[in-house]
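Printed here is query31.pdb (PDB, C-alpha atoms):
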ATOM      1  CA  MET A   1      40.758 -33.307  42.965
ATOM      2  CA  ALA A   2      42.816 -36.446  43.439
ATOM      3  CA  ASP A   3      44.380 -38.860  45.904
ATOM      4  CA  ALA A   4      47.731 -37.676  44.532
ATOM      5  CA  THR A   5      48.835 -34.178  43.550
ATOM      6  CA  LYS A   6      51.710 -32.176  42.098
ATOM      7  CA  ILE A   7      51.378 -29.556  44.850
ATOM      8  CA  GLU A   8      54.650 -29.952  46.711
ATOM      9  CA  TRP A   9      53.403 -29.299  50.247
ATOM     10  CA  THR A  10      50.499 -31.745  50.365
ATOM     11  CA  ASP A  11      49.728 -35.374  49.527
ATOM     12  CA  ALA A  12      46.203 -35.102  48.114
ATOM     13  CA  THR A  13      43.507 -32.548  47.301
ATOM     14  CA  VAL A  14      39.748 -32.684  47.853
ATOM     15  CA  ASN A  15      37.270 -30.103  46.550
ATOM     16  CA  PHE A  16      33.654 -30.054  47.648
ATOM     17  CA  TRP A  17      32.916 -27.412  44.997
ATOM     18  CA  TRP A  18      34.648 -25.358  42.322
ATOM     19  CA  GLY A  19      34.283 -21.633  41.893
ATOM     20  CA  CYS A  20      35.083 -18.439  43.771
ATOM     21  CA  THR A  21      35.149 -14.637  43.618
ATOM     22  CA  LYS A  22      38.407 -12.719  43.356
ATOM     23  CA  VAL A  23      39.095 -10.682  46.486
ATOM     24  CA  GLY A  24      42.661  -9.379  46.170
ATOM     25  CA  PRO A  25      45.724  -8.877  43.959
ATOM     26  CA  GLY A  26      46.845 -12.458  44.474
ATOM     27  CA  CYS A  27      43.683 -13.577  42.672
ATOM     28  CA  ASP A  28      44.391 -11.656  39.451
ATOM     29  CA  HIS A  29      45.745 -14.670  37.564
ATOM     30  CA  CYS A  30      43.928 -17.410  39.451
ATOM     31  CA  TYR A  31      45.094 -20.869  38.349
ATOM     32  CA  ALA A  32      41.896 -22.452  39.657
ATOM     33  CA  GLU A  33      39.723 -20.199  37.506
ATOM     34  CA  THR A  34      41.838 -20.956  34.444
ATOM     35  CA  GLN A  35      41.613 -24.699  35.040
ATOM     36  CA  SER A  36      37.897 -24.597  35.806
ATOM     37  CA  ASN A  37      37.130 -22.629  32.647
ATOM     38  CA  ARG A  38      38.697 -25.361  30.533
ATOM     39  CA  PHE A  39      35.958 -27.759  31.597
ATOM     40  CA  THR A  40      32.905 -25.914  32.914
ATOM     41  CA  PRO A  41      33.178 -22.099  32.723
ATOM     42  CA  GLY A  42      30.923 -19.712  34.557
ATOM     43  CA  HIS A  43      31.659 -20.452  38.223
ATOM     44  CA  TRP A  44      33.788 -17.398  39.056
ATOM     45  CA  GLY A  45      32.561 -14.022  40.220
ATOM     46  CA  VAL A  46      29.846 -12.433  42.330
ATOM     47  CA  GLY A  47      26.569 -14.236  41.845
ATOM     48  CA  ALA A  48      28.066 -17.019  39.713
ATOM     49  CA  PRO A  49      26.812 -20.485  40.718
ATOM     50  CA  ARG A  50      29.496 -22.703  42.212
ATOM     51  CA  ARG A  51      29.887 -26.240  40.877
ATOM     52  CA  LYS A  52      29.271 -28.908  43.520
ATOM     53  CA  ILE A  53      31.495 -32.004  43.381
ATOM     54  CA  ALA A  54      29.329 -34.966  44.374
ATOM     55  CA  SER A  55      32.227 -37.375  44.892
ATOM     56  CA  ALA A  56      34.232 -35.201  47.327
ATOM     57  CA  GLY A  57      32.872 -36.732  50.509
ATOM     58  CA  LYS A  58      33.530 -40.267  49.280
ATOM     59  CA  LEU A  59      37.099 -39.372  48.345
ATOM     60  CA  LEU A  60      37.822 -37.843  51.746
ATOM     61  CA  ASN A  61      36.361 -40.922  53.432
ATOM     62  CA  ARG A  62      38.516 -43.191  51.279
ATOM     63  CA  LEU A  63      41.661 -41.223  52.105
ATOM     64  CA  ASP A  64      40.771 -41.465  55.783
ATOM     65  CA  ASN A  65      40.017 -45.184  55.579
ATOM     66  CA  ASP A  66      43.261 -45.844  53.694
ATOM     67  CA  TYR A  67      45.220 -44.816  56.790
ATOM     68  CA  ALA A  68      46.329 -48.391  57.502
ATOM     69  CA  TRP A  69      48.176 -49.010  54.231
ATOM     70  CA  TRP A  70      49.462 -45.427  54.129
ATOM     71  CA  ALA A  71      51.014 -45.880  57.552
ATOM     72  CA  ALA A  72      52.494 -49.233  56.554
ATOM     73  CA  ASP A  73      54.164 -47.740  53.486
ATOM     74  CA  ALA A  74      55.488 -44.861  55.587
ATOM     75  CA  GLN A  75      57.060 -47.282  58.062
ATOM     76  CA  ILE A  76      59.060 -48.969  55.328
ATOM     77  CA  GLY A  77      60.279 -45.624  54.075
ATOM     78  CA  LYS A  78      58.200 -45.097  50.951
ATOM     79  CA  LEU A  79      56.289 -42.076  52.273
ATOM     80  CA  HIS A  80      56.810 -39.286  54.774
ATOM     81  CA  PRO A  81      57.306 -40.687  58.281
ATOM     82  CA  ASN A  82      54.558 -38.929  60.267
ATOM     83  CA  LEU A  83      52.152 -41.735  59.244
ATOM     84  CA  ARG A  84      49.381 -39.289  58.396
ATOM     85  CA  ARG A  85      48.344 -38.160  54.957
ATOM     86  CA  ARG A  86      48.190 -34.419  54.347
ATOM     87  CA  VAL A  87      45.057 -33.339  52.484
ATOM     88  CA  PHE A  88      44.543 -29.847  51.084
ATOM     89  CA  VAL A  89      40.809 -29.092  51.153
ATOM     90  CA  GLN A  90      39.416 -26.678  48.542
ATOM     91  CA  SER A  91      42.386 -26.169  46.239
ATOM     92  CA  MET A  92      39.945 -24.927  43.577
ATOM     93  CA  SER A  93      37.927 -22.551  45.733
ATOM     94  CA  ASP A  94      37.660 -21.101  49.246
ATOM     95  CA  LEU A  95      36.051 -23.128  52.023
ATOM     96  CA  PHE A  96      34.695 -19.935  53.624
ATOM     97  CA  ASP A  97      33.234 -18.397  50.467
ATOM     98  CA  LEU A  98      29.995 -16.760  51.655
ATOM     99  CA  GLU A  99      28.375 -17.229  48.244
ATOM    100  CA  VAL A 100      28.417 -21.008  48.598
ATOM    101  CA  PRO A 101      25.112 -22.511  49.835
ATOM    102  CA  LEU A 102      25.262 -23.011  53.590
ATOM    103  CA  GLU A 103      24.196 -26.653  53.305
ATOM    104  CA  TRP A 104      27.208 -27.348  51.060
ATOM    105  CA  PHE A 105      29.499 -25.836  53.659
ATOM    106  CA  ALA A 106      27.860 -27.784  56.483
ATOM    107  CA  GLU A 107      28.307 -31.041  54.569
ATOM    108  CA  ALA A 108      31.965 -30.280  53.830
ATOM    109  CA  TRP A 109      32.709 -29.287  57.415
ATOM    110  CA  GLY A 110      31.077 -32.434  58.735
ATOM    111  CA  LYS A 111      33.342 -34.587  56.567
ATOM    112  CA  ILE A 112      36.431 -32.608  57.592
ATOM    113  CA  VAL A 113      35.641 -33.165  61.278
ATOM    114  CA  GLN A 114      34.844 -36.847  60.719
ATOM    115  CA  CYS A 115      38.078 -37.725  58.872
ATOM    116  CA  ASP A 116      40.412 -37.289  61.825
ATOM    117  CA  ARG A 117      43.121 -39.705  60.646
ATOM    118  CA  LEU A 118      44.171 -37.110  58.072
ATOM    119  CA  ASP A 119      46.139 -33.895  58.493
ATOM    120  CA  ILE A 120      43.715 -31.414  56.933
ATOM    121  CA  GLN A 121      45.182 -28.259  55.404
ATOM    122  CA  ILE A 122      42.802 -25.325  54.856
ATOM    123  CA  VAL A 123      43.822 -22.131  53.058
ATOM    124  CA  THR A 124      41.487 -19.121  52.970
ATOM    125  CA  LYS A 125      41.493 -15.539  51.746
ATOM    126  CA  ARG A 126      38.472 -14.822  53.957
ATOM    127  CA  ILE A 127      39.732 -14.966  57.546
ATOM    128  CA  SER A 128      37.017 -12.529  58.668
ATOM    129  CA  ALA A 129      34.313 -14.982  57.500
ATOM    130  CA  VAL A 130      35.560 -18.096  59.318
ATOM    131  CA  GLU A 131      33.704 -17.677  62.614
ATOM    132  CA  LYS A 132      30.586 -16.305  60.921
ATOM    133  CA  ARG A 133      30.375 -19.308  58.652
ATOM    134  CA  LEU A 134      30.906 -21.801  61.465
ATOM    135  CA  ALA A 135      28.398 -20.044  63.703
ATOM    136  CA  ALA A 136      25.828 -20.224  60.915
ATOM    137  CA  ILE A 137      25.938 -24.035  61.134
ATOM    138  CA  GLY A 138      26.056 -24.085  64.939
ATOM    139  CA  VAL A 139      29.776 -24.825  65.339
ATOM    140  CA  ASN A 140      32.109 -23.097  67.811
ATOM    141  CA  THR A 141      34.991 -25.571  67.989
ATOM    142  CA  TRP A 142      37.872 -26.447  65.662
ATOM    143  CA  PRO A 143      39.084 -29.990  64.841
ATOM    144  CA  LYS A 144      42.497 -30.878  66.263
ATOM    145  CA  HIS A 145      43.631 -32.498  63.009
ATOM    146  CA  ALA A 146      43.115 -29.386  60.834
ATOM    147  CA  GLY A 147      45.350 -26.365  60.406
ATOM    148  CA  LEU A 148      44.396 -22.998  58.951
ATOM    149  CA  MET A 149      46.426 -20.823  56.603
ATOM    150  CA  ILE A 150      45.608 -17.470  55.080
ATOM    151  CA  THR A 151      46.819 -16.152  51.761
ATOM    152  CA  VAL A 152      49.025 -13.085  52.236
ATOM    153  CA  VAL A 153      50.752 -11.685  49.144
ATOM    154  CA  ASN A 154      52.062  -8.303  50.332
ATOM    155  CA  GLN A 155      52.672  -6.180  53.427
ATOM    156  CA  ALA A 156      49.194  -4.650  53.446
ATOM    157  CA  GLU A 157      47.525  -8.071  53.566
ATOM    158  CA  PHE A 158      49.935  -9.226  56.287
ATOM    159  CA  ASP A 159      49.181  -6.199  58.448
ATOM    160  CA  ARG A 160      45.424  -6.551  57.941
ATOM    161  CA  ASP A 161      44.866 -10.305  58.244
ATOM    162  CA  VAL A 162      47.572 -11.810  60.462
ATOM    163  CA  PRO A 163      46.163 -10.188  63.650
ATOM    164  CA  ARG A 164      42.768 -11.720  62.744
ATOM    165  CA  LEU A 165      44.377 -15.129  62.296
ATOM    166  CA  ARG A 166      46.175 -14.907  65.635
ATOM    167  CA  SER A 167      42.997 -13.851  67.388
ATOM    168  CA  LEU A 168      41.084 -16.748  65.839
ATOM    169  CA  LYS A 169      43.753 -19.216  66.941
ATOM    170  CA  ARG A 170      43.393 -18.045  70.544
ATOM    171  CA  ARG A 171      39.598 -18.079  70.577
ATOM    172  CA  MET A 172      39.116 -21.431  68.834
ATOM    173  CA  SER A 173      42.345 -23.219  69.886
ATOM    174  CA  LEU A 174      43.566 -23.912  66.354
ATOM    175  CA  PRO A 175      46.344 -26.538  66.443
ATOM    176  CA  TRP A 176      48.497 -24.655  63.942
ATOM    177  CA  ILE A 177      48.296 -21.597  61.707
ATOM    178  CA  GLY A 178      50.304 -20.306  58.786
ATOM    179  CA  LEU A 179      50.606 -18.118  55.726
ATOM    180  CA  SER A 180      50.535 -18.950  52.048
ATOM    181  CA  ALA A 181      52.597 -16.157  50.507
ATOM    182  CA  GLU A 182      51.901 -17.230  46.947
ATOM    183  CA  PRO A 183      52.078 -15.444  44.662
ATOM    184  CA  LEU A 184      54.452 -13.261  46.668
ATOM    185  CA  LEU A 185      53.991  -9.786  45.168
ATOM    186  CA  GLY A 186      56.076  -7.659  47.503
ATOM    187  CA  PRO A 187      58.321  -7.669  50.574
ATOM    188  CA  ILE A 188      56.809  -8.750  53.905
ATOM    189  CA  VAL A 189      58.364  -7.858  57.252
ATOM    190  CA  GLY A 190      56.688  -8.645  60.543
ATOM    191  CA  ASP A 191      56.440 -10.747  63.677
ATOM    192  CA  PHE A 192      56.455 -14.436  62.696
ATOM    193  CA  SER A 193      56.998 -15.783  66.214
ATOM    194  CA  ASP A 194      53.608 -17.475  66.698
ATOM    195  CA  LEU A 195      53.100 -18.578  63.104
ATOM    196  CA  ASP A 196      53.730 -22.279  62.590
ATOM    197  CA  TRP A 197      54.278 -22.433  58.827
ATOM    198  CA  ILE A 198      54.931 -20.122  55.888
ATOM    199  CA  ILE A 199      54.803 -21.192  52.255
ATOM    200  CA  VAL A 200      56.434 -18.840  49.738
ATOM    201  CA  GLY A 201      56.114 -18.999  45.969
ATOM    202  CA  GLY A 202      56.383 -16.858  42.888
ATOM    203  CA  GLU A 203      53.652 -16.651  40.264
ATOM    204  CA  SER A 204      53.453 -18.902  37.221
ATOM    205  CA  GLY A 205      51.191 -19.116  34.206
ATOM    206  CA  ARG A 206      49.875 -16.547  31.803
ATOM    207  CA  GLY A 207      50.586 -12.985  32.913
ATOM    208  CA  ALA A 208      52.833 -14.107  35.779
ATOM    209  CA  ARG A 209      54.423 -11.286  37.757
ATOM    210  CA  PRO A 210      58.071 -11.528  38.875
ATOM    211  CA  MET A 211      59.018 -12.250  42.475
ATOM    212  CA  HIS A 212      62.185 -10.521  43.651
ATOM    213  CA  PRO A 213      64.262 -13.299  45.282
ATOM    214  CA  ASP A 214      65.195 -10.955  48.142
ATOM    215  CA  TRP A 215      61.535 -11.047  49.241
ATOM    216  CA  ALA A 216      61.750 -14.814  49.655
ATOM    217  CA  ARG A 217      65.174 -14.572  51.324
ATOM    218  CA  SER A 218      63.833 -12.078  53.847
ATOM    219  CA  ILE A 219      60.919 -14.340  54.815
ATOM    220  CA  ARG A 220      63.269 -17.340  55.006
ATOM    221  CA  ASP A 221      65.546 -15.465  57.416
ATOM    222  CA  GLN A 222      62.640 -14.157  59.504
ATOM    223  CA  CYS A 223      61.291 -17.705  59.790
ATOM    224  CA  ALA A 224      64.678 -18.984  60.930
ATOM    225  CA  ALA A 225      64.874 -16.286  63.610
ATOM    226  CA  ALA A 226      61.320 -16.998  64.812
ATOM    227  CA  GLY A 227      61.528 -20.798  64.673
ATOM    228  CA  THR A 228      58.789 -20.931  62.025
ATOM    229  CA  ALA A 229      58.719 -23.706  59.416
ATOM    230  CA  PHE A 230      59.596 -22.327  55.962
ATOM    231  CA  PHE A 231      58.578 -23.983  52.705
ATOM    232  CA  PHE A 232      59.791 -22.534  49.409
ATOM    233  CA  LYS A 233      57.440 -23.779  46.720
ATOM    234  CA  GLN A 234      58.829 -22.142  43.577
ATOM    235  CA  HIS A 235      60.343 -19.057  41.973
ATOM    236  CA  GLY A 236      57.469 -18.964  39.500
ATOM    237  CA  ASP A 237      58.061 -18.198  35.839
ATOM    238  CA  TRP A 238      60.652 -15.478  36.451
ATOM    239  CA  ILE A 239      64.234 -15.799  37.638
ATOM    240  CA  ALA A 240      67.059 -13.301  38.037
ATOM    241  CA  PHE A 241      69.964 -13.561  35.605
ATOM    242  CA  TYR A 242      71.776 -10.284  36.305
ATOM    243  CA  ASP A 243      72.271  -8.608  39.672
ATOM    244  CA  ARG A 244      73.481  -5.064  39.242
ATOM    245  CA  ASP A 245      74.878  -4.878  42.775
ATOM    246  CA  ILE A 246      76.953  -8.042  42.313
ATOM    247  CA  ASP A 247      77.601  -8.564  38.614
ATOM    248  CA  ASP A 248      78.369  -4.978  37.618
ATOM    249  CA  PRO A 249      77.304  -1.723  39.315
ATOM    250  CA  ASP A 250      77.722   0.155  36.051
ATOM    251  CA  TRP A 251      74.154   0.320  34.714
ATOM    252  CA  ARG A 252      75.447   0.933  31.170
ATOM    253  CA  ARG A 253      76.674  -2.672  31.035
ATOM    254  CA  CYS A 254      73.466  -4.212  32.349
ATOM    255  CA  PRO A 255      71.790  -6.386  29.686
ATOM    256  CA  ARG A 256      69.056  -4.705  27.729
ATOM    257  CA  VAL A 257      65.614  -5.934  28.673
ATOM    258  CA  ASP A 258      62.114  -5.533  27.288
ATOM    259  CA  ASP A 259      59.136  -5.751  29.651
ATOM    260  CA  GLN A 260      56.542  -5.685  26.876
ATOM    261  CA  MET A 261      57.140  -9.216  25.626
ATOM    262  CA  GLY A 262      55.609 -12.513  26.731
ATOM    263  CA  ARG A 263      57.339 -15.740  27.736
ATOM    264  CA  GLY A 264      61.056 -15.526  27.238
ATOM    265  CA  ALA A 265      60.896 -11.787  27.842
ATOM    266  CA  GLU A 266      63.183  -9.947  30.209
ATOM    267  CA  ARG A 267      62.546  -7.023  32.515
ATOM    268  CA  TYR A 268      64.154  -5.001  35.261
ATOM    269  CA  HIS A 269      62.783  -5.574  38.743
ATOM    270  CA  ASN A 270      63.643  -3.688  41.927
ATOM    271  CA  LEU A 271      63.147  -4.461  45.594
ATOM    272  CA  ALA A 272      60.019  -2.329  45.863
ATOM    273  CA  GLY A 273      58.356  -4.296  43.080
ATOM    274  CA  GLY A 274      58.796  -1.745  40.343
ATOM    275  CA  THR A 275      59.819  -2.795  36.845
ATOM    276  CA  GLY A 276      61.935   0.246  36.102
ATOM    277  CA  PHE A 277      65.720   0.195  36.119
ATOM    278  CA  HIS A 278      66.050   2.634  39.013
ATOM    279  CA  GLY A 279      65.612   1.704  42.654
ATOM    280  CA  GLU A 280      67.162  -0.570  45.266
ATOM    281  CA  ARG A 281      68.484  -4.051  44.418
ATOM    282  CA  VAL A 282      67.726  -3.892  40.695
ATOM    283  CA  LEU A 283      67.775  -7.270  38.967
ATOM    284  CA  ALA A 284      67.395  -8.229  35.356
ATOM    285  CA  MET A 285      64.712 -10.916  35.311
ATOM    286  CA  ARG A 286      63.914 -13.432  32.599
ATOM    287  CA  ASN A 287      60.723 -15.423  32.038
ATOM    288  CA  VAL A 288      61.960 -18.999  31.711
ATOM    289  CA  GLY A 289      58.894 -20.881  32.961
ATOM    290  CA  LYS A 290      58.250 -22.555  36.305
ATOM    291  CA  ALA A 291      60.116 -25.782  35.607
ATOM    292  CA  LYS A 292      63.381 -24.084  34.638
ATOM    293  CA  ALA A 293      63.178 -21.521  37.425
ATOM    294  CA  GLY A 294      62.870 -24.375  39.918
ATOM    295  CA  ARG A 295      62.502 -24.561  43.701
ATOM    296  CA  LEU A 296      66.022 -23.862  44.935
ATOM    297  CA  LEU A 297      66.570 -20.684  46.936
ATOM    298  CA  ASP A 298      70.286 -19.919  47.003
ATOM    299  CA  GLY A 299      70.948 -23.544  46.118
ATOM    300  CA  VAL A 300      68.810 -25.006  48.908
ATOM    301  CA  GLU A 301      65.415 -26.740  48.741
ATOM    302  CA  HIS A 302      63.266 -25.731  51.714
ATOM    303  CA  ASN A 303      60.584 -28.267  52.690
ATOM    304  CA  ALA A 304      59.847 -27.607  56.372
ATOM    305  CA  MET A 305      56.390 -28.528  57.689
ATOM    306  CA  PRO A 306      54.581 -27.266  60.806
ATOM    307  CA  ARG A 307      55.421 -29.226  63.951
ATOM    308  CA  ALA A 308      51.776 -29.729  64.825
ATOM    309  CA  ALA A 309      50.968 -31.496  61.539
TER     310      ALA A 309
END
Starting from the file, lay out its structure as structure tokens.
Amino acid sequence: MADATKIEWTDATVNFWWGCTKVGPGCDHCYAETQSNRFTPGHWGVGAPRRKIASAGKLLNRLDNDYAWWAADAQIGKLHPNLRRRVFVQSMSDLFDLEVPLEWFAEAWGKIVQCDRLDIQIVTKRISAVEKRLAAIGVNTWPKHAGLMITVVNQAEFDRDVPRLRSLKRRMSLPWIGLSAEPLLGPIVGDFSDLDWIIVGGESGRGARPMHPDWARSIRDQCAAAGTAFFFKQHGDWIAFYDRDIDDPDWRRCPRVDDQMGRGAERYHNLAGGTGFHGERVLAMRNVGKAKAGRLLDGVEHNAMPRAA
């Protein structure tokens, strides 16, 4: 939690509590759990007590009250020109976690509504719990300065949760909605026409799974066709170094790889997500770490933001 952050698509993070329960394949190697366990373990899982952050409300108020100098710096070109600070709420948890005490949620929601000089960014894996949680504290409206994203890591999650997100946007008049496809674990094809923003990223950290670059390319192209803002956050730890279809179709000359090793290892990866050598669009992938893999997709850095932000 800080008034500055290394997360590329936001300006600051605020967490009202730490802790969560894993609910899908994207949670398998949760960075927030890893970071939390370094300081105060025991806040992840069903029945585990979440850790309340007493200073969160004060930080959000300070970010909101600092609007004047933030806007001044933006006008002279030091910061992004929309004059509003983007704040990612609950980067270390899920705002709509049903295991969090209701009074904690009510307090957090009250601060989010109050701080309307900020562009609030909310990401949840629990789209089905949003209205239930708000109704439990007597709320049936959505603040105009907050957008909602859902985490979608594969086609099954897209097909299940995007209709729920669209329905919620209509019923509660959300100003903008989007998808966080990070870690992207498979290809996603669908209707992106009424989605305002899509963030794509590969997985990093211990046990990171490769992201086939064609998955990211496909989402990039679908966003362009639909007029949806596309933000490419990172390749993750893995990057392709040999494309069988381009470099040499003769599989006997493809570099030998070993998918049993750790960092620095290499493995085959096909379009369907398999790690075998057979299949469509087979690549030889190498674990080089997030920094070396970088943020460029086909030589371009994609930083688009939703128009409503």
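Minimum atom-to-atom distances from A:Ala106, A:Ile112, A:Ala272, A:Ala56 to A:Asn154 were compared using only C-alpha atoms, and the lowest value belongs to A:Ala272.
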With a distance cut-off of 10 Å and only C-alpha atoms, select the neighbouring residues of stretch 157-164 of chain A, excluding the residue or stretch itself and same-chain residues fewer than 6 positions from it, and output the selection as a VMD selection string.
-> chain A and resid 24 to 25 125 to 128 149 to 151 177 to 179 181 188 to 192 195
Residues just named, written with C-alpha atoms as a PDB file, in the coordinates of the input:
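Final file, part-v5.pdb:
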ATOM      1  CA  GLY A  24      42.661  -9.379  46.170  1.00  0.00           C
ATOM      2  CA  PRO A  25      45.724  -8.877  43.959  1.00  0.00           C
ATOM      3  CA  LYS A 125      41.493 -15.539  51.746  1.00  0.00           C
ATOM      4  CA  ARG A 126      38.472 -14.822  53.957  1.00  0.00           C
ATOM      5  CA  ILE A 127      39.732 -14.966  57.546  1.00  0.00           C
ATOM      6  CA  SER A 128      37.017 -12.529  58.668  1.00  0.00           C
ATOM      7  CA  MET A 149      46.426 -20.823  56.603  1.00  0.00           C
ATOM      8  CA  ILE A 150      45.608 -17.470  55.080  1.00  0.00           C
ATOM      9  CA  THR A 151      46.819 -16.152  51.761  1.00  0.00           C
ATOM     10  CA  ILE A 177      48.296 -21.597  61.707  1.00  0.00           C
ATOM     11  CA  GLY A 178      50.304 -20.306  58.786  1.00  0.00           C
ATOM     12  CA  LEU A 179      50.606 -18.118  55.726  1.00  0.00           C
ATOM     13  CA  ALA A 181      52.597 -16.157  50.507  1.00  0.00           C
ATOM     14  CA  ILE A 188      56.809  -8.750  53.905  1.00  0.00           C
ATOM     15  CA  VAL A 189      58.364  -7.858  57.252  1.00  0.00           C
ATOM     16  CA  GLY A 190      56.688  -8.645  60.543  1.00  0.00           C
ATOM     17  CA  ASP A 191      56.440 -10.747  63.677  1.00  0.00           C
ATOM     18  CA  PHE A 192      56.455 -14.436  62.696  1.00  0.00           C
ATOM     19  CA  LEU A 195      53.100 -18.578  63.104  1.00  0.00           C
TER      20      LEU A 195
END
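Reported to one decimal place, the separation of atom CA of A:Val46 from atom CA of A:Thr21 is 5.9 Å.
Note that the spacing between atom CA of A:Val282 and atom CA of A:Cys30 amounts to 27.4 Å.
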For atom CA of A:Asp119 and atom CA of A:Arg84, quote the distance in Å rounded to one decimal.
-> 6.3 Å
Output, as JSON, the centre and edge lengths in Å (one decimal) of the axis-aligned box that contains all listed atoms of stretch 95-106 of chain A with 5 Å of margin on each side.
{"center_x": 30.1, "center_y": -22.3, "center_z": 52.4, "size_x": 21.9, "size_y": 21.0, "size_z": 18.2}
Given the PyMOL selection byres ((chain A and resi 87) around 10), the residues it picks as an MDAnalysis selection string | chainID A and resid 2:5 9:14 60 63:64 84:86 88:91 118:122 146
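Picked by the PyMOL selection byres ((chain A and resi 225-228) around 7) from the coordinates shown: Phe192, Ser193, Leu195, Asp196, Trp197, Asp221, Gln222, Cys223, Ala224, Ala229 and Phe230 of chain A.
Checking A:Leu59, A:Ala293, A:Leu165, A:Ala216 one by one against A:Ser204, counting all atoms listed in the file, you find the shortest gap at A:Ala293.
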I would like the residues chosen by the PyMOL selection byres ((chain A and resi 95) around 10) on the shown file; could you give them as a PyMOL selection string?
-> chain A and resi 15-17+20+89-94+96-98+100+104-105+108-109+122-126+129-130+133
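Distance cut-off 8 Å, centre (65.4, -10.2, 40.6), atoms counted all atoms listed in the file; the residues meeting this are Pro210, Met211, His212, Pro213, Asp214, Ile239, Ala240, Phe241, Tyr242, Asp243, Tyr268, His269, Asn270, Leu271, Arg281, Val282, Leu283, Ala284 and Met285 of chain A.
The residue that comes closest to A:Gly289, out of A:Trp238, A:Phe277, A:Trp176, A:Trp18 and on the basis of all atoms listed in the file, is A:Trp238.
Residues of protein, DNA and RNA with at least one atom no farther than 12 Å from (66.6, -26.9, 51.8) are, using only C-alpha atoms, Arg220, Ala229, Phe230, Phe231, Phe232, Lys233, Arg295, Leu296, Leu297, Asp298, Gly299, Val300, Glu301, His302, Asn303, Ala304 and Met305 of chain A.
When all atoms listed in the file are used to compute distances to A:Glu266, the closest of the residues A:Pro49, A:Arg209, A:Gly279, A:Trp215 turns out to be A:Arg209.
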Using all atoms listed in the file, which residue out of A:Ile199, A:Leu184, A:Ile219, A:Ala208 lies closest to A:Pro306?
-> A:Ile199
Counting all atoms listed in the file, the residue of A:Gly19, A:Met172, A:Gly57, A:Lys132 that sits nearest A:Pro41 = A:Gly19
